[in-house]
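File shown: work.txt. Contents: compact mmCIF, C-alpha atoms.
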```
# COMPACT_ATOMS: atom_id res chain seq x y z
CA MET A 2 0.00 0.00 0.00
CA ARG A 3 1.49 3.33 -1.07
CA THR A 4 1.67 5.98 1.68
CA TYR A 5 1.10 9.65 0.91
CA LEU A 6 2.15 12.44 3.27
CA VAL A 7 -0.04 15.46 2.52
CA THR A 8 0.88 18.75 4.17
CA GLY A 9 -1.90 21.30 4.62
CA GLY A 10 -4.52 18.66 3.95
CA ALA A 11 -7.14 20.39 6.09
CA GLY A 12 -7.02 23.46 3.86
CA PHE A 13 -9.04 24.20 0.74
CA ILE A 14 -7.00 22.55 -2.03
CA GLY A 15 -5.48 19.91 0.25
CA SER A 16 -8.82 18.61 1.51
CA ASN A 17 -10.24 18.46 -2.01
CA TYR A 18 -7.13 16.55 -3.10
CA ILE A 19 -7.61 14.03 -0.27
CA HIS A 20 -11.25 13.54 -1.30
CA TYR A 21 -10.16 13.02 -4.90
CA MET A 22 -7.51 10.47 -3.97
CA PHE A 23 -9.79 8.34 -1.82
CA GLU A 24 -12.52 8.48 -4.47
CA LYS A 25 -10.03 7.27 -7.08
CA TYR A 26 -7.88 4.80 -5.14
CA GLY A 27 -10.04 3.79 -2.16
CA ASP A 28 -8.33 1.42 0.25
CA THR A 29 -5.31 0.83 -1.99
CA ILE A 30 -3.53 3.90 -0.59
CA ARG A 31 -2.86 5.40 2.83
CA ILE A 32 -2.87 9.15 3.51
CA ILE A 33 -1.23 10.92 6.43
CA ASN A 34 -2.53 14.48 6.67
CA VAL A 35 -0.24 16.94 8.47
CA ASP A 36 -1.77 20.32 9.24
CA LYS A 37 -1.04 23.02 11.81
CA LEU A 38 -4.74 24.04 11.79
CA THR A 39 -4.25 27.75 11.40
CA TYR A 40 -7.33 29.86 10.65
CA ALA A 41 -7.60 28.34 7.15
CA GLY A 42 -7.19 24.69 8.21
CA ASN A 43 -10.55 23.12 8.93
CA LEU A 44 -11.05 19.46 9.84
CA GLU A 45 -14.75 19.80 9.07
CA ASN A 46 -13.61 19.63 5.44
CA LEU A 47 -12.81 15.94 6.04
CA THR A 48 -15.60 14.65 8.29
CA ASP A 49 -16.45 11.91 5.80
CA ILE A 50 -12.80 10.84 5.63
CA GLU A 51 -11.56 10.89 9.23
CA LYS A 52 -12.81 7.44 10.27
CA LEU A 53 -11.24 5.59 7.34
CA PRO A 54 -8.67 3.05 8.57
CA ASN A 55 -6.19 4.19 5.92
CA TYR A 56 -6.35 7.87 6.90
CA THR A 57 -4.37 9.52 9.71
CA PHE A 58 -4.40 13.12 10.87
CA VAL A 59 -1.37 14.61 12.62
CA ARG A 60 -1.50 18.12 14.01
CA ALA A 61 1.96 19.54 13.40
CA ASP A 62 3.73 22.62 12.06
CA ILE A 63 5.86 21.98 8.97
CA CYS A 64 8.49 24.23 10.57
CA ASP A 65 8.77 21.78 13.48
CA LYS A 66 11.79 19.72 12.42
CA GLU A 67 11.39 17.07 15.14
CA ALA A 68 7.69 16.52 14.46
CA ILE A 69 8.20 16.11 10.72
CA GLU A 70 11.22 13.81 11.12
CA LYS A 71 9.19 11.69 13.55
CA ILE A 72 6.50 11.15 10.93
CA PHE A 73 9.10 9.97 8.40
CA ALA A 74 10.77 7.75 11.01
CA GLU A 75 7.51 6.03 11.95
CA ASN A 76 6.15 5.63 8.41
CA ASP A 77 7.51 4.50 5.07
CA ILE A 78 6.49 7.57 3.08
CA ASP A 79 6.29 7.06 -0.68
CA ARG A 80 4.86 10.39 -1.79
CA VAL A 81 4.94 13.88 -0.32
CA VAL A 82 2.35 16.34 -1.63
CA HIS A 83 3.30 19.69 -0.15
CA PHE A 84 0.36 22.12 -0.03
CA ALA A 85 0.99 23.71 3.38
CA ALA A 86 1.57 27.45 3.00
CA GLU A 87 0.39 30.84 4.06
CA SER A 88 -1.50 31.90 0.97
CA HIS A 89 -3.32 35.24 1.23
CA VAL A 90 -1.69 38.25 -0.42
CA ASP A 91 -3.32 40.85 1.84
CA ARG A 92 -2.12 39.03 4.96
CA SER A 93 1.39 38.81 3.49
CA ILE A 94 1.49 42.57 3.01
CA ARG A 95 0.69 43.06 6.70
CA ASN A 96 2.85 40.22 8.11
CA PRO A 97 5.50 39.18 5.57
CA GLU A 98 7.74 37.42 8.09
CA VAL A 99 5.05 34.80 8.79
CA PHE A 100 4.98 33.92 5.10
CA VAL A 101 8.76 33.64 4.88
CA GLU A 102 8.86 31.37 7.91
CA THR A 103 6.12 28.97 6.81
CA ASN A 104 6.61 28.98 3.06
CA VAL A 105 10.41 28.99 2.92
CA LEU A 106 11.64 27.48 6.20
CA GLY A 107 8.74 25.00 6.29
CA THR A 108 9.56 23.82 2.78
CA ALA A 109 13.23 23.40 3.77
CA VAL A 110 12.20 21.26 6.74
CA MET A 111 10.03 19.07 4.50
CA LEU A 112 12.78 18.68 1.89
CA ASN A 113 15.42 17.79 4.47
CA ALA A 114 13.19 15.24 6.20
CA ALA A 115 12.31 13.54 2.92
CA LYS A 116 15.93 13.61 1.74
CA ALA A 117 17.17 12.02 4.97
CA ALA A 118 14.52 9.30 4.81
CA TRP A 119 14.91 8.48 1.12
CA GLU A 120 18.64 8.93 0.42
CA LEU A 121 20.84 5.85 0.02
CA PRO A 122 24.51 5.66 1.11
CA ASP A 123 25.73 6.27 -2.45
CA GLY A 124 23.73 9.53 -2.70
CA SER A 125 20.99 8.12 -4.90
CA PHE A 126 17.40 7.79 -3.71
CA LYS A 127 15.12 4.88 -2.99
CA GLU A 128 13.04 3.78 -5.93
CA ASP A 129 9.54 5.21 -6.44
CA LYS A 130 9.83 8.04 -3.92
CA LYS A 131 8.51 11.43 -5.04
CA PHE A 132 8.07 14.92 -3.61
CA LEU A 133 5.58 17.31 -5.23
CA HIS A 134 5.73 20.98 -4.33
CA VAL A 135 2.46 22.77 -5.07
CA SER A 136 2.96 26.43 -5.99
CA THR A 137 1.21 29.34 -7.69
CA ASP A 138 1.20 31.31 -10.93
CA GLU A 139 1.84 34.46 -8.85
CA VAL A 140 5.56 33.66 -8.79
CA TYR A 141 5.70 34.76 -12.44
CA GLY A 142 4.53 38.32 -11.71
CA SER A 143 2.09 40.15 -13.98
CA LEU A 144 1.19 39.81 -17.65
CA PRO A 145 0.28 42.58 -20.10
CA GLU A 146 -3.35 42.86 -21.18
CA ASP A 147 -2.57 40.90 -24.32
CA PRO A 148 -4.76 37.82 -24.88
CA GLU A 149 -1.83 36.09 -26.58
CA ALA A 150 0.49 36.47 -23.55
CA PHE A 151 0.69 33.55 -21.09
CA PHE A 152 2.86 32.20 -18.31
CA TYR A 153 4.96 29.22 -19.39
CA GLU A 154 7.30 27.02 -17.39
CA THR A 155 10.16 29.02 -18.92
CA THR A 156 8.73 32.42 -17.89
CA PRO A 157 11.20 34.21 -15.58
CA ILE A 158 10.24 34.35 -11.90
CA ASP A 159 9.18 37.91 -11.01
CA PRO A 160 7.11 38.03 -7.78
CA HIS A 161 5.55 41.31 -6.64
CA SER A 162 4.08 40.58 -3.19
CA PRO A 163 5.58 39.08 -0.03
CA TYR A 164 3.34 36.04 -0.58
CA SER A 165 4.47 35.41 -4.14
CA ALA A 166 8.10 36.13 -3.19
CA SER A 167 7.92 33.50 -0.44
CA LYS A 168 6.41 30.96 -2.85
CA ALA A 169 9.01 31.78 -5.51
CA SER A 170 11.70 31.25 -2.87
CA SER A 171 10.27 27.85 -1.96
CA ASP A 172 10.11 26.93 -5.66
CA MET A 173 13.77 27.82 -6.05
CA LEU A 174 14.66 25.81 -2.96
CA VAL A 175 12.98 22.70 -4.41
CA LYS A 176 14.74 23.32 -7.73
CA ALA A 177 18.07 23.60 -5.88
CA TYR A 178 17.51 20.20 -4.25
CA ILE A 179 16.65 18.72 -7.65
CA ASP A 180 19.79 20.21 -9.24
CA THR A 181 22.18 19.64 -6.33
CA TYR A 182 21.12 16.27 -4.97
CA HIS A 183 19.07 14.91 -7.91
CA PHE A 184 16.25 14.87 -5.38
CA PRO A 185 13.11 13.17 -6.80
CA ALA A 186 10.73 16.13 -6.98
CA ASN A 187 8.39 18.10 -9.20
CA ILE A 188 6.98 21.61 -8.97
CA THR A 189 3.48 22.58 -10.10
CA ASN A 190 2.29 26.16 -10.53
CA CYS A 191 -1.45 26.60 -10.67
CA SER A 192 -3.87 29.41 -11.44
CA ASN A 193 -6.57 30.62 -9.02
CA ASN A 194 -8.50 27.67 -7.61
CA TYR A 195 -12.19 27.74 -6.73
CA GLY A 196 -14.68 25.19 -5.45
CA PRO A 197 -16.00 23.68 -2.18
CA TYR A 198 -14.35 24.27 1.22
CA GLN A 199 -12.57 27.52 0.30
CA PHE A 200 -12.02 29.88 3.24
CA PRO A 201 -14.11 33.05 2.75
CA GLU A 202 -11.22 35.49 2.67
CA LYS A 203 -10.76 34.55 -1.00
CA LEU A 204 -12.79 36.31 -3.70
CA ILE A 205 -15.44 33.78 -4.70
CA PRO A 206 -16.59 32.51 -1.27
CA LEU A 207 -16.29 36.06 0.12
CA ILE A 208 -18.63 37.43 -2.53
CA ILE A 209 -21.08 34.54 -2.11
CA ASN A 210 -21.23 34.96 1.65
CA ASN A 211 -21.41 38.75 1.61
CA ALA A 212 -24.10 38.81 -1.07
CA LEU A 213 -26.29 36.35 0.84
CA SER A 214 -25.86 38.50 3.95
CA GLY A 215 -26.48 41.81 2.18
CA LYS A 216 -22.97 43.01 2.97
CA THR A 217 -20.70 45.19 0.84
CA LEU A 218 -18.89 43.47 -2.03
CA PRO A 219 -15.42 45.09 -2.06
CA VAL A 220 -13.68 45.43 -5.43
CA TYR A 221 -10.04 46.50 -5.66
CA GLY A 222 -9.26 49.37 -8.02
CA ASP A 223 -11.31 49.36 -11.22
CA GLY A 224 -12.19 45.67 -10.89
CA LYS A 225 -10.55 44.81 -14.21
CA ASN A 226 -7.65 42.75 -12.86
CA VAL A 227 -7.70 39.41 -14.68
CA ARG A 228 -7.27 35.97 -13.12
CA ASP A 229 -7.31 32.51 -14.66
CA TRP A 230 -9.72 30.24 -12.73
CA LEU A 231 -9.21 26.51 -12.16
CA TYR A 232 -11.81 24.21 -10.62
CA VAL A 233 -10.19 22.58 -7.63
CA MET A 234 -11.00 18.98 -8.59
CA ASP A 235 -9.34 19.51 -11.98
CA HIS A 236 -6.28 20.65 -10.04
CA ALA A 237 -6.41 17.57 -7.81
CA LYS A 238 -6.42 15.37 -10.91
CA ALA A 239 -3.42 17.24 -12.32
CA ILE A 240 -1.43 16.75 -9.12
CA ASP A 241 -2.13 13.02 -9.16
CA MET A 242 -1.09 12.78 -12.82
CA VAL A 243 2.17 14.65 -12.17
CA GLN A 244 2.89 12.34 -9.23
CA GLU A 245 2.28 9.24 -11.33
CA GLU A 246 3.54 10.22 -14.77
CA GLY A 247 5.52 13.45 -14.50
CA VAL A 248 9.19 13.47 -15.39
CA LEU A 249 11.22 13.97 -12.21
CA GLY A 250 12.78 17.39 -11.92
CA GLN A 251 10.25 19.05 -14.19
CA ARG A 252 7.93 21.99 -13.50
CA TYR A 253 4.34 21.79 -14.76
CA ASN A 254 1.95 24.73 -15.12
CA VAL A 255 -1.68 23.88 -14.28
CA GLY A 256 -4.05 26.45 -15.77
CA GLY A 257 -7.79 26.63 -16.24
CA HIS A 258 -8.10 28.58 -19.52
CA ASN A 259 -10.89 30.50 -17.77
CA GLU A 260 -9.75 34.12 -17.69
CA LYS A 261 -12.12 36.59 -16.06
CA GLN A 262 -11.95 40.13 -14.72
CA ASN A 263 -12.71 40.36 -11.02
CA ILE A 264 -15.80 42.46 -11.68
CA GLU A 265 -17.03 39.81 -14.12
CA ILE A 266 -16.70 37.16 -11.39
CA ILE A 267 -18.83 39.22 -9.03
CA GLN A 268 -21.50 39.83 -11.65
CA ILE A 269 -21.63 36.11 -12.54
CA ILE A 270 -21.98 35.17 -8.86
CA LEU A 271 -24.83 37.65 -8.37
CA GLU A 272 -26.64 36.43 -11.49
CA THR A 273 -26.21 32.78 -10.50
CA LEU A 274 -27.42 33.40 -6.94
CA GLN A 275 -30.51 35.14 -8.29
CA GLU A 276 -31.15 32.11 -10.49
CA LEU A 277 -30.53 29.43 -7.86
CA LEU A 278 -32.25 31.01 -4.85
CA PRO A 279 -36.00 30.34 -4.67
CA ASP A 280 -38.28 33.37 -4.39
CA SER A 281 -39.23 32.18 -0.91
CA ASP A 282 -35.66 32.60 0.35
CA PRO A 283 -35.40 36.03 2.05
CA ARG A 284 -31.69 36.23 1.15
CA LYS A 285 -32.60 36.65 -2.50
CA ALA A 286 -33.62 40.25 -1.82
CA ASN A 287 -30.08 40.98 -0.62
CA VAL A 288 -28.42 39.92 -3.86
CA SER A 289 -27.85 43.07 -5.87
CA GLU A 290 -25.13 44.94 -7.77
CA ASN A 291 -25.88 47.84 -5.42
CA LEU A 292 -23.68 46.00 -2.89
CA ILE A 293 -20.57 46.50 -5.06
CA SER A 294 -18.12 48.98 -3.56
CA TYR A 295 -14.85 49.97 -5.26
CA VAL A 296 -12.01 50.30 -2.76
CA THR A 297 -8.38 51.46 -2.89
CA ASP A 298 -6.34 49.04 -4.96
CA ARG A 299 -4.14 46.47 -3.24
CA LYS A 300 -0.45 47.37 -2.99
CA GLY A 301 1.58 45.73 -5.75
CA HIS A 302 -1.60 44.34 -7.32
CA ASP A 303 -0.71 42.29 -10.42
CA ARG A 304 -2.88 43.21 -13.39
CA ARG A 305 -3.26 39.89 -15.16
CA TYR A 306 -2.44 36.21 -14.68
CA ALA A 307 -2.92 33.58 -17.36
CA ILE A 308 -1.28 30.15 -17.40
CA ALA A 309 -0.65 28.04 -20.48
CA PRO A 310 -1.07 24.35 -19.54
CA ASP A 311 0.42 23.28 -22.88
CA LYS A 312 3.25 21.21 -21.39
CA ILE A 313 1.14 19.17 -18.97
CA LYS A 314 -1.39 18.51 -21.73
CA ALA A 315 1.26 17.43 -24.24
CA ASP A 316 3.29 15.34 -21.79
CA LEU A 317 0.63 13.88 -19.49
CA GLY A 318 -2.68 14.37 -21.27
CA TRP A 319 -4.14 16.62 -18.57
CA PHE A 320 -6.46 19.48 -19.48
CA PRO A 321 -8.99 21.56 -17.48
CA GLU A 322 -12.27 19.70 -17.87
CA THR A 323 -14.54 22.09 -15.97
CA MET A 324 -15.54 25.29 -17.74
CA PHE A 325 -16.06 28.25 -15.45
CA LYS A 326 -19.79 28.52 -16.21
CA ASP A 327 -20.23 24.97 -14.91
CA GLY A 328 -17.73 25.11 -12.06
CA ILE A 329 -19.05 28.34 -10.59
CA ARG A 330 -22.58 26.94 -10.57
CA LEU A 331 -21.39 23.78 -8.79
CA THR A 332 -19.47 25.93 -6.31
CA ILE A 333 -22.34 28.28 -5.49
CA GLN A 334 -24.73 25.34 -5.14
CA TRP A 335 -22.31 23.71 -2.68
CA TYR A 336 -22.16 26.84 -0.51
CA LEU A 337 -25.94 27.16 -0.58
CA GLU A 338 -26.24 23.55 0.61
CA HIS A 339 -23.55 23.93 3.30
CA GLY A 340 -24.66 27.02 5.16
CA GLU A 341 -23.68 25.47 8.48
CA TRP A 342 -20.10 24.98 7.27
CA MET A 343 -19.93 28.65 6.25
CA GLN A 344 -21.46 29.75 9.55
CA HIS A 345 -18.87 27.77 11.51
CA VAL A 346 -16.02 29.20 9.44
CA THR A 347 -17.13 32.82 9.67
CA SER A 348 -17.88 32.58 13.39
CA GLY A 349 -14.70 30.70 14.26
CA ASP A 350 -16.64 27.72 15.64
CA TYR A 351 -14.89 25.36 13.22
CA GLN A 352 -11.81 25.61 15.43
CA LYS A 353 -13.71 23.77 18.17
CA TYR A 354 -13.94 20.69 15.97
CA TYR A 355 -10.37 19.56 16.63
CA ALA A 356 -10.83 19.76 20.39
CA GLU A 357 -14.07 17.78 20.22
CA MET A 358 -12.86 15.10 17.82
CA TYR A 359 -9.19 14.71 18.74
CA GLN A 360 -9.00 15.64 22.42
```

Could you write out this structure as structure tokens?
Amino acid sequence: MRTYLVTGGAGFIGSNYIHYMFEKYGDTIRIINVDKLTYAGNLENLTDIEKLPNYTFVRADICDKEAIEKIFAENDIDRVVHFAAESHVDRSIRNPEVFVETNVLGTAVMLNAAKAAWELPDGSFKEDKKFLHVSTDEVYGSLPEDPEAFFYETTPIDPHSPYSASKASSDMLVKAYIDTYHFPANITNCSNNYGPYQFPEKLIPLIINNALSGKTLPVYGDGKNVRDWLYVMDHAKAIDMVQEEGVLGQRYNVGGHNEKQNIEIIQIILETLQELLPDSDPRKANVSENLISYVTDRKGHDRRYAIAPDKIKADLGWFPETMFKDGIRLTIQWYLEHGEWMQHVTSGDYQKYYAEMYQ
């Protein structure tokens, strides 16, 4: 049975990845989920997983060298899927040192623990061991407003925020281990993910929650910043394919080919909520473009991101299967059906779950 060590598995993308893996592989794999359970780590994302005999949760900080080494010492880890990171740009602008510590030092701890566990006396590595570092398109900087311009794996790294700089640094650290030690790793850089279980500081769940509550919908600048949107389950599939079929040492861009201006996203969410909410739901009266409020632009706000997933499609056959018009509808429907989850997250009650379940 292959054992996967997933860092940050209680977060948005990590928990969706764990769901995907158990749906695909069932009891033929084992997953150890390591998460510090910061504000964005929520074990309620995995309530249907936690009692599986081939699933283990360990509360630990990836910066805790002893805790991570203990996990490797007690388990024969075959795959590391490294999601754990501080990931919100606004928070990085206020507290950059936290992002450097988690995203850079934490990645170094993970790399060193895996290297020590997998390296043979001659400097080679045990067969069929792989480390996948999950990163972001933000490391590439900003693109011009040219529909023919895209980020490629060969695009120079040019981060503009403390968050993207910390992720770029962790990418370079993984690359250094690949180049120096021939460490068995891959790097993936993805576009903006959306879907179930996303913490409502991010654009899509924030707009959904605020609109249902009749709260202001804040829009940075003129609202015309462009992002490429990737449905989270498509991303989970890409990660699995890179782990299984990717050429060691290679970087793969995972893009959605769903470019939208931020203001377009908000308008689509409002239109979809109006369509999905029954007339009897009092929240429907709250959903209006009158809630939109333009605010001072974010510092260092990149104008446009767009990833070309040409390489991963050509080499591995992966492509984004979920068009935005379908994915956003699935996402909004999920939030409408999981109001209790959203209430727990926005009130902070979700943090009680660990104490109740794992005391």

Around stretch 99-107 of chain A, fit a box with edges along x, y and z, padding it by 8 Å on each side, then list its centre and edge lengths in Å to one decimal as lines of an AutoDock Vina configuration file.
```
center_x = 8.3
center_y = 29.9
center_z = 5.9
size_x = 22.7
size_y = 25.8
size_z = 21.9
```

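Counting only C-alpha atoms and comparing A:Asp62, A:Asp138, A:Asp223, A:Glu149, the residue that lies closest to A:Cys191 is A:Asp138.
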
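Interatomic distance, atom CA of A:Ile208 against atom CA of A:Ser294: 11.6 Å.
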
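The space between atom CA of A:Thr29 and atom CA of A:Ile69 spans 24.0 Å.
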
A:Phe73 surroundings by only C-alpha atoms, 12 Å radius, close-in-sequence under 4 positions cut, as a PyMOL selection string: chain A and resi 4-6+33+35+66-69+77-81+110-119

With all atoms listed in the file counted, which protein, DNA or RNA residues have an atom no more than 12 Å from (-3.7, 38.1, -5.2) in the file frame? Please answer as a ChimeraX atom specification. /A:88-94,137-140,142-143,160-165,192-194,202-204,221,226-229,263,298-306

Would you list the contacts of A:Asp235 as a PDB file with C-alpha atoms, in the coordinates of the input, taking every protein, DNA or RNA residue within 9 Å and counting only C-alpha atoms, but skipping same-chain residues closer than 5 positions in sequence?
```
ATOM      1  CA  ILE A 240      -1.430  16.750  -9.120  1.00  0.00           C
ATOM      2  CA  GLY A 257      -7.790  26.630 -16.240  1.00  0.00           C
ATOM      3  CA  TRP A 319      -4.140  16.620 -18.570  1.00  0.00           C
ATOM      4  CA  PHE A 320      -6.460  19.480 -19.480  1.00  0.00           C
ATOM      5  CA  PRO A 321      -8.990  21.560 -17.480  1.00  0.00           C
ATOM      6  CA  GLU A 322     -12.270  19.700 -17.870  1.00  0.00           C
ATOM      7  CA  THR A 323     -14.540  22.090 -15.970  1.00  0.00           C
TER       8      THR A 323
END
```

Name the residues in contact with stretch 333-347 of chain A at a cut-off of 9 Å, using all atoms listed in the file, excluding same-chain residues fewer than 3 positions from it; report them as a ChimeraX atom specification. /A:40-41,43,45-46,196-198,200-201,205-206,209-210,270,273-274,277-278,328-330,350-352

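Note that atom CA of A:Leu213 and atom CA of A:Arg284 are 5.4 Å apart.
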
Residues within 10 Å of A:Asn34, all atoms listed in the file, excluding chain neighbours under 5 positions, as JSON, numbers by chain: {"A": [5, 6, 7, 8, 9, 10, 11, 15, 16, 19, 56, 57, 58, 59, 60, 61, 82]}

Polymer residues at most 8 Å from A:Tyr21, only C-alpha atoms, same-chain spacing of 5 or more positions, as a PyMOL selection string: chain A and resi 234+237-238

Those selected residues, please, written with C-alpha atoms and delivered as a short mmCIF file (atom, residue, chain, number, x, y, z; two decimals), in the coordinates of the input.
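Writing done, so here's result.cif:
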```
data_model
loop_
_atom_site.label_atom_id
_atom_site.label_comp_id
_atom_site.auth_asym_id
_atom_site.auth_seq_id
_atom_site.Cartn_x
_atom_site.Cartn_y
_atom_site.Cartn_z
CA MET A 234 -11.00 18.98 -8.59
CA ALA A 237 -6.41 17.57 -7.81
CA LYS A 238 -6.42 15.37 -10.91
#
```

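Minimum distance to A:Gln244 across A:Ala186, A:Ala109, A:Ala150, A:Val175 (counting all atoms listed in the file) occurs at A:Ala186.
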
Name the residues, using the chain letters and numbers of the file, that sit within 7 Å of (5.7, 20.8, -8.6) when counting all atoms listed in the file, and give them as an MDAnalysis selection string. chainID A and resid 133:136 187:190 252:253

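Nearest residue to A:Lys168, choosing from A:Met324, A:Ala286, A:Leu106, A:Ile14 and counting all atoms listed in the file: A:Leu106.
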
Place N, CA and C atoms on stretch 71-94 of chain A and deliver the coordinates as a PDB file, in the frame of the given file.
```pdb
ATOM      1  N   LYS A  71       9.842  12.792  12.847  1.00  0.00           N
ATOM      2  CA  LYS A  71       9.190  11.690  13.550  1.00  0.00           C
ATOM      3  C   LYS A  71       8.188  10.976  12.642  1.00  0.00           C
ATOM      4  N   ILE A  72       7.459  11.752  11.858  1.00  0.00           N
ATOM      5  CA  ILE A  72       6.500  11.150  10.930  1.00  0.00           C
ATOM      6  C   ILE A  72       7.211  10.275   9.906  1.00  0.00           C
ATOM      7  N   PHE A  73       8.324  10.768   9.369  1.00  0.00           N
ATOM      8  CA  PHE A  73       9.100   9.970   8.400  1.00  0.00           C
ATOM      9  C   PHE A  73       9.709   8.742   9.068  1.00  0.00           C
ATOM     10  N   ALA A  74      10.144   8.881  10.317  1.00  0.00           N
ATOM     11  CA  ALA A  74      10.770   7.750  11.010  1.00  0.00           C
ATOM     12  C   ALA A  74       9.770   6.644  11.299  1.00  0.00           C
ATOM     13  N   GLU A  75       8.531   7.012  11.557  1.00  0.00           N
ATOM     14  CA  GLU A  75       7.510   6.030  11.950  1.00  0.00           C
ATOM     15  C   GLU A  75       6.716   5.489  10.774  1.00  0.00           C
ATOM     16  N   ASN A  76       6.925   6.048   9.590  1.00  0.00           N
ATOM     17  CA  ASN A  76       6.150   5.630   8.410  1.00  0.00           C
ATOM     18  C   ASN A  76       7.056   5.563   7.194  1.00  0.00           C
ATOM     19  N   ASP A  77       6.785   4.605   6.335  1.00  0.00           N
ATOM     20  CA  ASP A  77       7.510   4.500   5.070  1.00  0.00           C
ATOM     21  C   ASP A  77       6.781   5.360   4.043  1.00  0.00           C
ATOM     22  N   ILE A  78       7.180   6.617   3.952  1.00  0.00           N
ATOM     23  CA  ILE A  78       6.490   7.570   3.080  1.00  0.00           C
ATOM     24  C   ILE A  78       6.953   7.388   1.639  1.00  0.00           C
ATOM     25  N   ASP A  79       5.982   7.215   0.742  1.00  0.00           N
ATOM     26  CA  ASP A  79       6.290   7.060  -0.680  1.00  0.00           C
ATOM     27  C   ASP A  79       6.139   8.352  -1.468  1.00  0.00           C
ATOM     28  N   ARG A  80       5.154   9.148  -1.084  1.00  0.00           N
ATOM     29  CA  ARG A  80       4.860  10.390  -1.790  1.00  0.00           C
ATOM     30  C   ARG A  80       4.677  11.508  -0.770  1.00  0.00           C
ATOM     31  N   VAL A  81       5.243  12.667  -1.072  1.00  0.00           N
ATOM     32  CA  VAL A  81       4.940  13.880  -0.320  1.00  0.00           C
ATOM     33  C   VAL A  81       4.235  14.845  -1.266  1.00  0.00           C
ATOM     34  N   VAL A  82       3.068  15.314  -0.864  1.00  0.00           N
ATOM     35  CA  VAL A  82       2.350  16.340  -1.630  1.00  0.00           C
ATOM     36  C   VAL A  82       2.275  17.561  -0.717  1.00  0.00           C
ATOM     37  N   HIS A  83       3.046  18.566  -1.060  1.00  0.00           N
ATOM     38  CA  HIS A  83       3.300  19.690  -0.150  1.00  0.00           C
ATOM     39  C   HIS A  83       2.434  20.902  -0.515  1.00  0.00           C
ATOM     40  N   PHE A  84       1.262  20.980   0.144  1.00  0.00           N
ATOM     41  CA  PHE A  84       0.360  22.120  -0.030  1.00  0.00           C
ATOM     42  C   PHE A  84       0.605  23.209   1.023  1.00  0.00           C
ATOM     43  N   ALA A  85       1.014  22.816   2.221  1.00  0.00           N
ATOM     44  CA  ALA A  85       0.990  23.710   3.380  1.00  0.00           C
ATOM     45  C   ALA A  85       1.718  25.022   3.088  1.00  0.00           C
ATOM     46  N   ALA A  86       0.993  26.125   3.257  1.00  0.00           N
ATOM     47  CA  ALA A  86       1.570  27.450   3.000  1.00  0.00           C
ATOM     48  C   ALA A  86       0.619  28.518   3.509  1.00  0.00           C
ATOM     49  N   GLU A  87       1.193  29.632   3.894  1.00  0.00           N
ATOM     50  CA  GLU A  87       0.390  30.840   4.060  1.00  0.00           C
ATOM     51  C   GLU A  87       0.106  31.360   2.658  1.00  0.00           C
ATOM     52  N   SER A  88      -1.161  31.722   2.382  1.00  0.00           N
ATOM     53  CA  SER A  88      -1.500  31.900   0.970  1.00  0.00           C
ATOM     54  C   SER A  88      -2.291  33.161   0.618  1.00  0.00           C
ATOM     55  N   HIS A  89      -2.491  34.074   1.556  1.00  0.00           N
ATOM     56  CA  HIS A  89      -3.320  35.240   1.230  1.00  0.00           C
ATOM     57  C   HIS A  89      -2.465  36.481   1.065  1.00  0.00           C
ATOM     58  N   VAL A  90      -2.559  37.120  -0.100  1.00  0.00           N
ATOM     59  CA  VAL A  90      -1.690  38.250  -0.420  1.00  0.00           C
ATOM     60  C   VAL A  90      -1.851  39.383   0.581  1.00  0.00           C
ATOM     61  N   ASP A  91      -3.095  39.734   0.915  1.00  0.00           N
ATOM     62  CA  ASP A  91      -3.320  40.850   1.840  1.00  0.00           C
ATOM     63  C   ASP A  91      -2.655  40.593   3.190  1.00  0.00           C
ATOM     64  N   ARG A  92      -2.754  39.371   3.684  1.00  0.00           N
ATOM     65  CA  ARG A  92      -2.120  39.030   4.960  1.00  0.00           C
ATOM     66  C   ARG A  92      -0.599  39.119   4.837  1.00  0.00           C
ATOM     67  N   SER A  93      -0.064  38.764   3.675  1.00  0.00           N
ATOM     68  CA  SER A  93       1.390  38.810   3.490  1.00  0.00           C
ATOM     69  C   SER A  93       1.903  40.244   3.488  1.00  0.00           C
ATOM     70  N   ILE A  94       1.089  41.162   3.024  1.00  0.00           N
ATOM     71  CA  ILE A  94       1.490  42.570   3.010  1.00  0.00           C
ATOM     72  C   ILE A  94       1.578  43.104   4.434  1.00  0.00           C
TER      73      ILE A  94
END
```
